[in-house]
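J.: Got a structure for you, questions after.
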Amino acid sequence: MFVEAIERVDQFTRPIHFIARYYGGTDIIPGTGTLFFVNENGFAVTCRHVARQILHANQIYENYLKFKGELRRFERDPGYETQRQFLEAKYKINAETPIRVLSNFINCVDVYKSLTIHLHPTQDLAIVRFRDYGVKLYQGFAHFLKDSRQIKQGRYLCRLGYPFPEFTNYQLNKATNDIEWVKEGRVNTPSFPIDGIITRHIGESNGTVSIEMSTPGLRGQSGGPLFDRNGLIYGMQSATRHLHLGFDQVNREVITEGRRKRVSNYPFLNVGQCVHVDVIKNFLREKKVDFYEED
């Protein structure tokens, strides 16, 4: 059904690789996001929550360096632990706080001098522009659905993204005590499609509408295109919603592997939420970005 469409869309859909280190730990946590190109001039779209990780990466690290700099003054102070706790609160740093985030755009353009990112003020949408690059490493670009009245309940669509971070080209530099990208290791992450039908149009308080899909979007697929069997773009994967089904089983007795056990289960239906094609096109128009449509 989607074989040719995936081949078409895969030409202009690309992964964003992230690595992060958290306060108090040495583990490097890999992650992924997705973007897709909307024209031949280095313009792409992704989710706002993905783009914010790129925009705030330097701010996160600078905040941590300021924290370390102040804490260093108390290394021989008897009240070191008290000062550390005070500074952790001051700089809003805890075990769940990333202290270093690095990103890497894969097979987008060869070398670029700068990056411009526009965040949508209300929607989970961002425009990414690669500036002053040498050679494009993507082929083709998105063609958006012209008549959004075709976005109807029950229509069968597909999404493409990069949910599984299988790249390994990173390390902790022990000399600098910092994470970094390296030339060794696996650079690529495989794309992964997921299909489903449109279940609902989700109205929001500001009057915009999102597209709900019967299957969840996977972590890392955020920013990936939603498309039909012809590769025509209907929207962009944004989030997964968890709908409580109400079929709760509490302390129920079951027999498993020949033994009686008491179990509880609170089932949810995981559905995908996608940015509507009209929202994407309107934002591109607002920022005067060229894009292409088809019937």
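Following the order of the structure tokens, first chain is A, next is B, and so on, with residues numbered from 1 inside each chain and ligands from 1 in the order they appear.
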Which residues of segment 110-147 of chain A come within 7 Å of segment 4-25 of chain A, and for each one, what is the closest pair of atoms and their distance in Å to one decimal, counting only C-alpha atoms, sorted by chain and residue number, as JSON lines?
T.:
```
{"residue": "A:Tyr138", "atom": "CA", "partner": "A:Phe12", "partner_atom": "CA", "distance": 5.2}
{"residue": "A:Gln139", "atom": "CA", "partner": "A:Gln11", "partner_atom": "CA", "distance": 5.1}
{"residue": "A:Gly140", "atom": "CA", "partner": "A:Phe12", "partner_atom": "CA", "distance": 5.9}
{"residue": "A:Phe141", "atom": "CA", "partner": "A:Phe12", "partner_atom": "CA", "distance": 5.4}
```
J.: Give the alpha helix (DSSP H) residues of segment 73-254 of chain A, as DSSP finds them on the backbone, and put them as an MDAnalysis selection string.
T.: chainID A and resid 80:90
J.: Write a file of the just-selected residues containing N, CA, C and O atoms, as a compact mmCIF listing (two decimals), in the first residue's frame.
T.:
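The resulting file, out-v2.txt, is reproduced below:
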```txt
# COMPACT_ATOMS: atom_id res chain seq x y z
N TYR A 80 29.99 22.82 52.41
CA TYR A 80 29.91 22.54 50.98
C TYR A 80 28.55 21.97 50.57
O TYR A 80 27.95 22.42 49.59
N GLU A 81 28.08 20.96 51.32
CA GLU A 81 26.82 20.31 50.95
C GLU A 81 25.65 21.28 51.02
O GLU A 81 24.77 21.26 50.17
N THR A 82 25.65 22.13 52.00
CA THR A 82 24.59 23.13 52.13
C THR A 82 24.63 24.10 50.94
O THR A 82 23.60 24.44 50.35
N GLN A 83 25.84 24.54 50.58
CA GLN A 83 26.00 25.44 49.46
C GLN A 83 25.60 24.76 48.13
O GLN A 83 25.00 25.39 47.26
N ARG A 84 25.94 23.49 48.03
CA ARG A 84 25.59 22.76 46.80
C ARG A 84 24.07 22.70 46.64
O ARG A 84 23.54 22.94 45.55
N GLN A 85 23.37 22.38 47.71
CA GLN A 85 21.91 22.32 47.65
C GLN A 85 21.31 23.69 47.32
O GLN A 85 20.33 23.78 46.56
N PHE A 86 21.89 24.73 47.90
CA PHE A 86 21.41 26.08 47.62
C PHE A 86 21.59 26.43 46.13
O PHE A 86 20.68 26.97 45.50
N LEU A 87 22.76 26.10 45.59
CA LEU A 87 23.04 26.41 44.19
C LEU A 87 22.22 25.54 43.24
O LEU A 87 21.82 26.00 42.16
N GLU A 88 21.97 24.30 43.62
CA GLU A 88 21.10 23.45 42.80
C GLU A 88 19.71 24.07 42.67
O GLU A 88 19.11 24.06 41.60
N ALA A 89 19.22 24.60 43.79
CA ALA A 89 17.90 25.26 43.74
C ALA A 89 17.97 26.55 42.92
O ALA A 89 17.06 26.85 42.14
N LYS A 90 19.06 27.30 43.10
CA LYS A 90 19.22 28.58 42.39
C LYS A 90 19.24 28.37 40.87
O LYS A 90 18.61 29.13 40.13
```
J.: Quick one: residues within 8 Å of Gln153 of chain A, only C-alpha atoms, excluding same-chain residues fewer than 3 positions away - as a VMD selection string?
T.: chain A and resid 197 to 201
J.: With C-alpha atoms retained, export the selected residues as a short mmCIF file (atom, residue, chain, number, x, y, z; two decimals), in the first residue's frame.
T.:
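Below is the file part.cif, written as the result:
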```
data_model
loop_
_atom_site.label_atom_id
_atom_site.label_comp_id
_atom_site.auth_asym_id
_atom_site.auth_seq_id
_atom_site.Cartn_x
_atom_site.Cartn_y
_atom_site.Cartn_z
CA ILE A 197 -6.71 5.65 10.03
CA ILE A 198 -7.93 9.13 10.90
CA THR A 199 -10.15 8.74 13.95
CA ARG A 200 -11.08 12.33 14.85
CA HIS A 201 -10.42 16.00 14.27
#
```
J.: Taking only C-alpha atoms into account, which of A:Ser222, A:Thr189, A:Asn265, A:Asn39 comes nearest Ala51 of chain A?
T.: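 Once distances to Ala51 of chain A are computed over only C-alpha atoms, the minimum belongs to A:Ser222.
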J.: Of the candidates A:Ala95, A:Val111, A:Val45, A:Leu218, which one gets nearest to Leu160 of chain A if we count only C-alpha atoms?
T.: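 Among A:Ala95, A:Val111, A:Val45, A:Leu218, it is A:Leu218 that comes nearest to Leu160 of chain A.
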J.: So that I can see what lies close to Asn282 of chain A, please list as a ChimeraX atom specification the residues with an atom at most 12 Å from it, counting only C-alpha atoms and leaving out residues fewer than 4 positions away in the same chain.
T.: /A:120,123,125,127,144,146,208,275-278,286-291
J.: Grab the residues selected above and save them as an mmCIF file, in the first residue's frame with N, CA, C and O atoms.
T.:
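Produced file selection-v9.cif, reproduced below:
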```
data_model
loop_
_atom_site.group_PDB
_atom_site.id
_atom_site.type_symbol
_atom_site.label_atom_id
_atom_site.label_comp_id
_atom_site.auth_asym_id
_atom_site.auth_seq_id
_atom_site.Cartn_x
_atom_site.Cartn_y
_atom_site.Cartn_z
ATOM 1 N N HIS A 120 6.440 28.173 16.066
ATOM 2 C CA HIS A 120 5.044 28.603 16.002
ATOM 3 C C HIS A 120 4.600 29.033 17.403
ATOM 4 O O HIS A 120 4.929 28.374 18.389
ATOM 5 N N GLN A 123 1.266 26.305 18.187
ATOM 6 C CA GLN A 123 1.232 24.915 17.732
ATOM 7 C C GLN A 123 2.594 24.241 17.866
ATOM 8 O O GLN A 123 3.623 24.909 17.913
ATOM 9 N N LEU A 125 4.963 23.191 16.166
ATOM 10 C CA LEU A 125 5.469 23.308 14.805
ATOM 11 C C LEU A 125 6.623 24.303 14.766
ATOM 12 O O LEU A 125 6.585 25.332 15.455
ATOM 13 N N ILE A 127 9.836 25.894 11.887
ATOM 14 C CA ILE A 127 10.498 25.922 10.585
ATOM 15 C C ILE A 127 12.000 25.994 10.825
ATOM 16 O O ILE A 127 12.467 26.811 11.618
ATOM 17 N N PHE A 144 2.247 19.217 -0.388
ATOM 18 C CA PHE A 144 1.173 19.222 0.595
ATOM 19 C C PHE A 144 -0.196 19.077 -0.069
ATOM 20 O O PHE A 144 -0.417 19.555 -1.190
ATOM 21 N N LYS A 146 -3.618 20.007 -1.142
ATOM 22 C CA LYS A 146 -4.162 21.341 -1.416
ATOM 23 C C LYS A 146 -5.532 21.546 -0.778
ATOM 24 O O LYS A 146 -5.795 22.574 -0.141
ATOM 25 N N THR A 208 -7.852 26.139 16.126
ATOM 26 C CA THR A 208 -7.153 25.241 15.201
ATOM 27 C C THR A 208 -7.565 23.793 15.452
ATOM 28 O O THR A 208 -8.157 23.456 16.483
ATOM 29 N N VAL A 275 -0.085 17.545 13.582
ATOM 30 C CA VAL A 275 -0.332 18.926 13.184
ATOM 31 C C VAL A 275 -1.016 18.921 11.822
ATOM 32 O O VAL A 275 -0.573 18.247 10.886
ATOM 33 N N HIS A 276 -2.103 19.661 11.709
ATOM 34 C CA HIS A 276 -2.915 19.706 10.491
ATOM 35 C C HIS A 276 -2.145 20.377 9.363
ATOM 36 O O HIS A 276 -1.392 21.326 9.572
ATOM 37 N N VAL A 277 -2.355 19.900 8.138
ATOM 38 C CA VAL A 277 -1.652 20.442 6.976
ATOM 39 C C VAL A 277 -1.916 21.939 6.804
ATOM 40 O O VAL A 277 -1.026 22.698 6.393
ATOM 41 N N ASP A 278 -3.132 22.395 7.106
ATOM 42 C CA ASP A 278 -3.439 23.827 6.954
ATOM 43 C C ASP A 278 -2.625 24.683 7.915
ATOM 44 O O ASP A 278 -2.231 25.804 7.575
ATOM 45 N N GLU A 286 3.111 32.639 6.346
ATOM 46 C CA GLU A 286 3.410 33.757 7.242
ATOM 47 C C GLU A 286 4.895 34.110 7.212
ATOM 48 O O GLU A 286 5.263 35.294 7.250
ATOM 49 N N LYS A 287 5.745 33.083 7.138
ATOM 50 C CA LYS A 287 7.195 33.312 7.128
ATOM 51 C C LYS A 287 7.752 33.440 5.704
ATOM 52 O O LYS A 287 8.971 33.471 5.521
ATOM 53 N N LYS A 288 6.821 33.499 4.731
ATOM 54 C CA LYS A 288 7.205 33.687 3.318
ATOM 55 C C LYS A 288 8.154 32.597 2.819
ATOM 56 O O LYS A 288 9.170 32.859 2.158
ATOM 57 N N VAL A 289 7.813 31.367 3.165
ATOM 58 C CA VAL A 289 8.581 30.200 2.727
ATOM 59 C C VAL A 289 7.841 29.521 1.576
ATOM 60 O O VAL A 289 6.646 29.228 1.694
ATOM 61 N N ASP A 290 8.523 29.292 0.480
ATOM 62 C CA ASP A 290 7.913 28.617 -0.665
ATOM 63 C C ASP A 290 7.609 27.162 -0.336
ATOM 64 O O ASP A 290 8.406 26.479 0.328
ATOM 65 N N PHE A 291 6.462 26.687 -0.797
ATOM 66 C CA PHE A 291 6.119 25.277 -0.658
ATOM 67 C C PHE A 291 5.239 24.856 -1.837
ATOM 68 O O PHE A 291 4.805 25.692 -2.637
#
```
J.: Can you list every residue of segment 62-151 of chain A that has an atom at most 12 Å from segment 30-34 of chain A, with its nearest atom pair and the distance in Å to one decimal, using only C-alpha atoms, ordered by chain then number, as a tab-separated table?
T.:
```
residue	atom	partner	partner_atom	distance
A:Arg100	CA	A:Pro30	CA	11.9
A:Val101	CA	A:Pro30	CA	9.8
A:Leu102	CA	A:Pro30	CA	9.7
A:Ser103	CA	A:Thr32	CA	9.0
A:Asn104	CA	A:Thr32	CA	9.5
A:Phe105	CA	A:Thr34	CA	9.4
A:Ile106	CA	A:Thr34	CA	9.9
A:Asn107	CA	A:Thr34	CA	11.9
A:Cys108	CA	A:Thr34	CA	11.2
A:Leu125	CA	A:Thr34	CA	11.9
A:Ala126	CA	A:Thr34	CA	11.6
A:Val128	CA	A:Thr34	CA	11.5
```
J.: Which residue, A:Gly69, A:Gly42, A:Pro193, A:Gly223, has the smallest gap to Leu157 of chain A when you use only C-alpha atoms?
T.: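 Among the listed residues, A:Pro193 lies closest to Leu157 of chain A.
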J.: When you look at Leu172 of chain A with a cut-off of 8 Å (counting only C-alpha atoms), what residues show up, excluding the ones that are within fewer than 4 positions of it in the same chain? I need them as a ChimeraX atom specification.
T.: /A:26,28,177-180
J.: Any idea what's packed within 7 Å of Pro267 of chain A, counting only C-alpha atoms, ignoring anything in its chain fewer than 6 positions away? Could you give it as a PDB file with N, CA, C and O atoms, in the first residue's frame?
T.:
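To be explicit, this is the file written out as around05.pdb:
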```
ATOM      1  N   HIS A 244      -8.033   6.775  28.325  1.00  0.00           N
ATOM      2  CA  HIS A 244      -8.414   5.739  29.283  1.00  0.00           C
ATOM      3  C   HIS A 244      -9.658   5.027  28.788  1.00  0.00           C
ATOM      4  O   HIS A 244     -10.689   5.640  28.524  1.00  0.00           O
ATOM      5  N   LEU A 245      -9.580   3.694  28.657  1.00  0.00           N
ATOM      6  CA  LEU A 245     -10.670   2.919  28.087  1.00  0.00           C
ATOM      7  C   LEU A 245     -11.771   2.577  29.094  1.00  0.00           C
ATOM      8  O   LEU A 245     -12.900   2.273  28.713  1.00  0.00           O
ATOM      9  N   PHE A 247     -11.841  -0.062  30.993  1.00  0.00           N
ATOM     10  CA  PHE A 247     -11.960  -1.510  31.204  1.00  0.00           C
ATOM     11  C   PHE A 247     -11.039  -1.974  32.328  1.00  0.00           C
ATOM     12  O   PHE A 247     -10.285  -2.948  32.185  1.00  0.00           O
ATOM     13  N   ASP A 248     -11.055  -1.278  33.433  1.00  0.00           N
ATOM     14  CA  ASP A 248     -10.110  -1.556  34.509  1.00  0.00           C
ATOM     15  C   ASP A 248     -10.399  -2.896  35.183  1.00  0.00           C
ATOM     16  O   ASP A 248     -11.559  -3.270  35.394  1.00  0.00           O
TER      17      ASP A 248
END
```
J.: Quick one: of A:Leu115, A:Ile99, A:Met236, A:Leu145, who's nearest to Arg48 of chain A, counting only C-alpha atoms?
T.: A:Met236
J.: For Val38 of chain A, which residue among A:Val263, A:Ala142, A:Ile255, A:Ile280 is the nearest when counting only C-alpha atoms?
T.: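 Among A:Val263, A:Ala142, A:Ile255, A:Ile280, it is A:Ala142 that comes nearest to Val38 of chain A.
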